[in-house]
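Student: Below is a structure I'd like to ask you about.
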2 protein chains.
Amino acid sequence: MATFGDIGVAAGINILFAVAFLVAFAILRLQPINDRVYFPKWYLKGLRSSPTHTGSFVSKFVNLDWRSYVRFLNWVPDALRMPEPELIDHAGLDSAVYLRIYLLGLKIFVPVALLSWAILVPVNWTNNTLEKSLATDKVQYSDIDKLSISNVPYGSLRFWTHIVMAYAFTFWTCYTLRKEYATVATMRLHFLASERRRPDQFTVLVRNVPPDPDESVSELVEHFFLVNHPEHYLTHQVVINANKLAKLVKEKKSKQNWLDYYQIKYLRNQSQRPVTKTGFLGLWGETVDAIDYQTAEIERLSKEIAEERERMKTDPKCIMPAAFVSFRSRWGAAVCAQTQQSRNPTLWLTEWASEPRDVYWDNLAIPYVSLSIRRLVIAVAFFFLTFFFMIPVTIVQSLANIEGIEKRAPFLKPIIEIPFIKSVIQGFLPGIALKIFLIVLPTILMMLAKFEGFLSISSLERRAATRYYIFNFVNVFLVSVIAGTAFQQLDSFLHQSANEIPKTIGVAIPMKATFFITYVMVDGWAGVAGEILRLKPLIFFHLKNFFLVKTEKDREEAMDPGSIGFNTGEPQIQLYFLLGLVYAVVTPVFIPFILVFFALAYVVFRHQIINVYNQEYESAAAFWPDVHGRIISALVFSQLILMGLMSTKGAAQSTPFLIALPVLTIWFHTFCKGRYESAFVKYPLQEAMMKDTLERAREPNLNLKSYLQYAYIHPVFKNEDEDEDDDDINAKLEESVLVPTKRHSKRNTPLPSKVSGACSPSLSDAVTENSKS
Amino acid sequence: MATFGDIGVAAGINILFAVAFLVAFAILRLQPINDRVYFPKWYLKGLRSSPTHTGSFVSKFVNLDWRSYVRFLNWVPDALRMPEPELIDHAGLDSAVYLRIYLLGLKIFVPVALLSWAILVPVNWTNNTLEKSLATDKVQYSDIDKLSISNVPYGSLRFWTHIVMAYAFTFWTCYTLRKEYATVATMRLHFLASERRRPDQFTVLVRNVPPDPDESVSELVEHFFLVNHPEHYLTHQVVINANKLAKLVKEKKSKQNWLDYYQIKYLRNQSQRPVTKTGFLGLWGETVDAIDYQTAEIERLSKEIAEERERMKTDPKCIMPAAFVSFRSRWGAAVCAQTQQSRNPTLWLTEWASEPRDVYWDNLAIPYVSLSIRRLVIAVAFFFLTFFFMIPVTIVQSLANIEGIEKRAPFLKPIIEIPFIKSVIQGFLPGIALKIFLIVLPTILMMLAKFEGFLSISSLERRAATRYYIFNFVNVFLVSVIAGTAFQQLDSFLHQSANEIPKTIGVAIPMKATFFITYVMVDGWAGVAGEILRLKPLIFFHLKNFFLVKTEKDREEAMDPGSIGFNTGEPQIQLYFLLGLVYAVVTPVFIPFILVFFALAYVVFRHQIINVYNQEYESAAAFWPDVHGRIISALVFSQLILMGLMSTKGAAQSTPFLIALPVLTIWFHTFCKGRYESAFVKYPLQEAMMKDTLERAREPNLNLKSYLQYAYIHPVFKNEDEDEDDDDINAKLEESVLVPTKRHSKRNTPLPSKVSGACSPSLSDAVTENSKS
């Protein structure tokens, strides 16, 4: 029961934190030494080079120009200045559309805030229900509650205002959603249409090629498509199981890193050869000379890699029953991707090939039956994860107490017994198991999605995002609203009647407003401000820089630009949509806090997308139907809750008016789904034909076959230029146009337009500053 | 609480009824005068001609050969003798697969019956719970209950038998379902592959052609497909709105019938010219000479029809934004039907054209937005229909009492006041409103489906069947199990917790066993036996024959072969599946009654399909996914109910074991859906290509264009040979190969194979009898 004062204090603290983060960022980003941490995107695009090459020694590391500190907040207008088309060009459509989610939040909630403050707040305020109940029942209430629906007396006619407002908000949300869906669909189609030629436009992934005793997979694929798509089939690439090779290459890479580390260490201090232990993590085992040991290891791995390569050339077991089939025209590919090929609908499954860098290679060979069993296993596993995750966490917590530690590790006893340390551990330990679990959760969810057998990184992230949202909804939202673990709630919901559940939640909602306001400030305001500081990449970059970096290429690899992280970021935004929609009618005071979050996050993420993040793939905003669907489900949920709340407020006669809302909203959803969704899953033939015709007119002599021949090759074969051996696969690769993978980071995103290269504000800003110093 | 004796009496009565129907049928079918009622299918196929042309005068009408009466039941082996491939050939795949639903019932429930009688009945019988409770609480129980789960004591370990049986039955049902799904899918694909050339194989229906100020719809369609399917597009037919013309033609046809009637009447009794009244139904208005009046009316209508034809040739408003587009190859059509054409996914919608006689012409021009609004309206309307239909019925009932009638029609008072008539009316009236509603219900559901905008009669019937099943489930099954109207139940379910609902139903289930046994006997046994008697068509045929028939063609039209009536028949079968699955574990005594129904219905409908029904369309078993899905939902429902029942029986610890059942069943459903469903909605390119190649090799000079040019023409244009005027459309039609519609009944089903023509048992049987007499 917080008063305005309490909220004000909390807000003050969080604003202080946020401002501290922003100031720290403003100062750190101006230091040349941090340039690669705060502007990696420009380095990756080759538009910026290390400022350490110019100026005096000190100014290589510290910015001494006081003028640049005065304008420490000018990254904000810089971030906002880049127009959207240029942003798409610079960072890809995914990023640009991701930002639109925040904008959508503003578009929905600014009018909602105005309307609710203009109408609902006066309506709520001019009652004295709470004062009366304080007088009679000694019920505690806060100032916030005076502005909320709680202050309207039982059975009052004023509730009609809230019902009308619920209609207005629903209408406005749906209107905005529809407009946004249409805009994003148009943007996607425009993006696909204006794109350069890309291999995935011509290519279809074929899975579950049936085994044949007489023909190899490659022959089979060729014959099948020559027969069934005679005028369109061009070429194909069989998928090779290179997981073992990839593992070896990765291991070699890591050993190479250690070798570099020891060599630098030895260079700095030549008096002593560095040593290491051969056991796990270098912690135990025989002590050996580190440089010799790592060199030997690398040699061994190189040999193994060569052997594995040899084996893959001859062993038919490495060839998986899947292939990337390319067609002469986009039309042919569009046709093949959208149709059923074989009588047996579980054989010769075709679908659009995702971008080469988006392909998740490990899952390409899972057969149909296994897939559907995996889906069941994962659905059950996720159910238990959501509702029973507290059980292992509680067990770990009960083990990880002081007594347990003293029992298991008696040698620690003297340290633990120091009163200060003891109290820290006692305060800290119980929470740590939960914290670790929550930090690891997105990784667990990604693992679940990987096991389920999705074929592209983008779809993995989308599925993980859906699950994360459900987890948040149950374990953050519901658990906060009603006390008790998720499982206890599931149990109580099972024992409650269908019309009792919305009441239970609805009654609790207004009482939890202050809690969620604090949550928004901590997680939303301070959290987002912390994001811009990039503390972890900052520390890691400097560590790597000190220990590993020898060449400019190493330094480039030491940068960790990161990416948006759709699988964690989007569910977080959705939680704010949910809170906003639920509280819009109930506690209008809540909305401004949400608005601040959306505005701040928009600016911060726009800055990050322009200067920092480097998207791993481009799915052309394929995630929008998910975003739309989740906002709709939040809207329906808020309507049901309102219905429950109203019926406890003596306004049960409003139920028929309110029940129309979810029905209409769900109908609106199916309408939008039918109207727009296919823009995100299908590729219209008209479009394909248009692009084909244009291309044929422009480049009549294009050799498409050589363009496509090696487009879909496992990334491990593409990184061979890093190795010494130049076998024939590699030689072939060199001939053809390569589709870049993550390692070739400079080629990772489309080249920026000339405009963006010239006038990119934060770049020019930083460059000016540097040249001045 | 019926004893075995009660059940025996009820069974006796119903068996008596059934036998009476069967005997009546056996006698009536042998009379030559009824030949067209009981063997219309053979007449329609042209394989049988009226027996009235041969023999003496009396033997034209009555079969005097006593030997044929001795063998009065030999239609049963006759019906069973025709092998399935021949049946498909004779009556189409729809009918053959429809029969497989009954067979599936036998396949599922015969082993279930054996297992439950072998294991569950002894387990239930060897308890004395009911005897004890009779002794202590004076609870009434019946012999049936002694065999049911009610007789197992509270918390007994014997419930594990029931759980194991639930697993066994689920496993067996799923296994059978999967096998059946696979078989039907294969049959469908084989049927489609072995079919003769049909226009719908080459044709795609295009809807929502966008309006264009410069081009007509026809030009627009041609240009679009010439651009986007350049190598495959062949021709197209624009859809013309001929609803008004069809209405006029129908009206003329009816007047013609009346004219015939009056002419025959006048011929028989030349002393008096027949008169009629001009008003509604000939009940009031000016009295005129009937023959003159009808002749004048027909003349007027002929003129109007000619005018309407003229108007349609010139008025662009008659052209709807839809067209049937035909392609050069099946491959081209398959591609176009399965892909998205335009950027805007609500324009240029393509889908497989259904068979010409399956097309529901009225709905072809509904735009996308209207469609989605209609869907919402119908969903809401159906909800109210299901849960609130009792309200208007009750209102009508309250109006239609004796006092009400006396008030409104005082002149009837003397008649009504006769005690006998009064008691009849009082006993009869309250029920009549409900009866009429239930008879009209399938028609209402068809109207709902039509309003919803489905494009083919088969899909209309499928949708109506789904709704009828839901209606039956709520208003027959649930309302019988738990007292109260559907709405009261909805209300009580809303106020009950999720785990309480299965308990409520589960507890009531064993108590209702005797009620449902009676229901099965009345509705299933006697009802099915009544079906074979065809009382209504029998009467109508003889009436028409007497009043209207002048020529042989008239007589053919007077036959009403009817059709399977998927929209009412299939939901009825599904109710039996539901009852069987629900009672399999709970009251094993129930299963044999179900088995008798399935066996009897199989024989009867096999006979009807061979000799009577004339399918209006052929959808190649497109309904199977619906059938499968409904059995699965019945299975899941029965599992939930069992869980509820168990938890009230002190076997709550079994819940974890039972909850796995619905999860696995639903997973099994998604597995089957993914594995087989696409065989029912898509057309694999491999198949299309194979048929194309074959055809090209066999008939290299085939003129496909002329074959397809007039395939999809509104049936009203095809019946013009019945009219006098022979305008140009008609002339063109004559040139081309016509796709027959219902009127040309002889051409309605594929010609029978020579085998079936020669050895069809019931036909040869009947012919022999006739020739002997």
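Ordering of the structure tokens sets the chain letters (A, B, ...); residue numbers start at 1 within each chain; ligands are numbered from 1 in the order shown.
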Pull out every residue of chain B that has at least one atom within 7 Å of chain A, counting only C-alpha atoms, and report them as number ranges by chain.
Tutor: B: 228, 335, 338-343, 345-346, 372, 376, 494-499, 667, 671, 675-676, 678, 682-687, 689
Student: Give me, as a ChimeraX atom specification, all polymer residues having an atom no more than 6 Å from segment 237-249 of chain B, counting only C-alpha atoms and skipping those fewer than 4 positions away in the same chain.
Tutor: /B:318-320,322-324,716
Student: Neighbours of segment 511-524 of chain A within 10 Å (only C-alpha atoms; same-chain residues fewer than 2 positions away dropped), as JSON, numbers by chain?
Tutor: {"A": [1, 2, 3, 4, 6, 7, 10, 11, 12, 13, 14, 15, 17, 18, 141, 142, 144, 145, 148, 150, 477, 480, 481, 482, 506, 507, 508, 509, 526, 527, 528, 529, 530, 572, 573, 575, 576, 579, 583, 586, 587, 588, 589, 590, 591, 592, 593, 594, 596, 597, 598, 600, 601]}
Student: If I take atom CA of Ile432 of chain A and atom CA of Glu461 of chain A, how far is one from the other in Å, to one decimal?
Tutor: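 Between atom CA of Ile432 of chain A and atom CA of Glu461 of chain A the gap is 26.5 Å.
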Student: Just how far from atom CA of Trp361 of chain A is atom CA of Tyr233 of chain A, in Å to one decimal?
Tutor: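 Atom CA of Tyr233 of chain A sits 23.2 Å away from atom CA of Trp361 of chain A.
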Student: For His628 of chain A, which residue among A:Tyr181, A:Phe389, A:Tyr293, A:Tyr707 is the nearest when counting only C-alpha atoms?
Tutor: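 Closest candidate: A:Tyr181.
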Student: Skip Leu177 of chain A itself and residues of its chain fewer than 6 positions away, then list as a list in words all residues within 10 Å of it, counting only C-alpha atoms.
Tutor: Leu104, Lys107, Ile108, Phe171, Thr183, Val627, His628, Gly629, Ile631, Ile632, His669 and Cys672 of chain A
Student: Using only C-alpha atoms, pick whichever of A:Pro211, A:Pro442, A:Pro40, A:Gly5 has the shortest atom-to-atom distance to Phe566 of chain A.
Tutor: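 That would be A:Pro442, the residue with the smallest distance to Phe566 of chain A.
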Student: Compile the contact shell of Leu543 of chain A as a PDB file with N, CA and C atoms, in the first residue's frame: residues with an atom at most 10 Å away, counting only C-alpha atoms, same-chain residues fewer than 6 positions apart removed.
Tutor:
```pdb
ATOM      1  N   PRO A 537      30.475  -6.835 -22.199  1.00  0.00           N
ATOM      2  CA  PRO A 537      31.376  -6.787 -23.371  1.00  0.00           C
ATOM      3  C   PRO A 537      32.569  -5.865 -23.160  1.00  0.00           C
ATOM      4  N   VAL A 549      45.171 -10.510 -28.045  1.00  0.00           N
ATOM      5  CA  VAL A 549      45.256  -9.826 -29.327  1.00  0.00           C
ATOM      6  C   VAL A 549      46.687  -9.642 -29.798  1.00  0.00           C
ATOM      7  N   ALA A 558      38.015  -9.973 -31.164  1.00  0.00           N
ATOM      8  CA  ALA A 558      37.790  -9.751 -29.738  1.00  0.00           C
ATOM      9  C   ALA A 558      36.536  -8.913 -29.488  1.00  0.00           C
TER      10      ALA A 558
END
```
Student: Would you list the contacts of Leu115 of chain B as an NGL selection string, taking every protein, DNA or RNA residue within 10 Å and counting only C-alpha atoms, but skipping same-chain residues closer than 2 positions in sequence?
Tutor: :B and (109-113 or 117-121 or 165 or 168-169 or 584 or 588)
Student: Rank nothing, just name the residue among B:Thr176, B:Asn703, B:Ser116, B:Ser326 nearest to His236 of chain B, using only C-alpha atoms.
Tutor: B:Ser326
Student: Just the residues within 10 Å of Leu548 of chain B, please, counting only C-alpha atoms, with nothing from its chain fewer than 6 positions along; format it as a PyMOL selection string.
Tutor: chain B and resi 256-265+542+554-555+558
Student: Given the selection you just returned, output its residues as a file containing N, CA, C and O atoms, formatted as a short mmCIF file (atom, residue, chain, number, x, y, z; two decimals), in the first residue's frame.
Tutor:
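File written: selection_15.cif
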```
data_model
loop_
_atom_site.label_atom_id
_atom_site.label_comp_id
_atom_site.auth_asym_id
_atom_site.auth_seq_id
_atom_site.Cartn_x
_atom_site.Cartn_y
_atom_site.Cartn_z
N GLN B 256 -45.09 -25.90 -64.86
CA GLN B 256 -45.23 -26.96 -65.85
C GLN B 256 -45.79 -28.22 -65.18
O GLN B 256 -46.68 -28.88 -65.72
N ASN B 257 -45.28 -28.51 -63.98
CA ASN B 257 -45.79 -29.65 -63.22
C ASN B 257 -47.28 -29.52 -62.98
O ASN B 257 -48.04 -30.46 -63.15
N TRP B 258 -47.69 -28.32 -62.54
CA TRP B 258 -49.10 -28.10 -62.26
C TRP B 258 -49.93 -28.27 -63.54
O TRP B 258 -51.00 -28.87 -63.53
N LEU B 259 -49.41 -27.73 -64.63
CA LEU B 259 -50.11 -27.85 -65.91
C LEU B 259 -50.33 -29.33 -66.26
O LEU B 259 -51.44 -29.75 -66.61
N ASP B 260 -49.24 -30.10 -66.09
CA ASP B 260 -49.35 -31.54 -66.36
C ASP B 260 -50.44 -32.16 -65.50
O ASP B 260 -51.27 -32.94 -65.97
N TYR B 261 -50.41 -31.77 -64.22
CA TYR B 261 -51.38 -32.33 -63.29
C TYR B 261 -52.81 -32.05 -63.74
O TYR B 261 -53.65 -32.94 -63.82
N TYR B 262 -53.06 -30.79 -64.10
CA TYR B 262 -54.42 -30.42 -64.49
C TYR B 262 -54.80 -31.09 -65.80
O TYR B 262 -55.95 -31.49 -66.00
N GLN B 263 -53.84 -31.19 -66.70
CA GLN B 263 -54.15 -31.84 -67.98
C GLN B 263 -54.53 -33.30 -67.78
O GLN B 263 -55.50 -33.79 -68.35
N ILE B 264 -53.76 -33.99 -66.92
CA ILE B 264 -54.10 -35.40 -66.66
C ILE B 264 -55.46 -35.50 -66.00
O ILE B 264 -56.29 -36.34 -66.34
N LYS B 265 -55.70 -34.59 -65.06
CA LYS B 265 -56.99 -34.57 -64.36
C LYS B 265 -58.14 -34.39 -65.37
O LYS B 265 -59.16 -35.08 -65.31
N HIS B 542 -45.53 -42.85 -55.66
CA HIS B 542 -46.83 -43.29 -56.18
C HIS B 542 -47.77 -42.11 -56.40
O HIS B 542 -48.53 -42.10 -57.36
N ASP B 554 -40.83 -38.30 -67.37
CA ASP B 554 -41.48 -37.83 -66.16
C ASP B 554 -41.35 -38.86 -65.04
O ASP B 554 -41.10 -38.53 -63.88
N ARG B 555 -41.51 -40.10 -65.43
CA ARG B 555 -41.44 -41.16 -64.42
C ARG B 555 -40.05 -41.21 -63.81
O ARG B 555 -39.89 -41.40 -62.62
N ALA B 558 -39.77 -38.60 -61.36
CA ALA B 558 -40.57 -38.82 -60.15
C ALA B 558 -39.82 -39.66 -59.12
O ALA B 558 -40.15 -39.64 -57.94
#
```
Student: With DSSP run on the backbone, what are the strand (DSSP E) residues within segment 152-309 of chain A? I'd like them as a count of residues only.
Tutor: 19
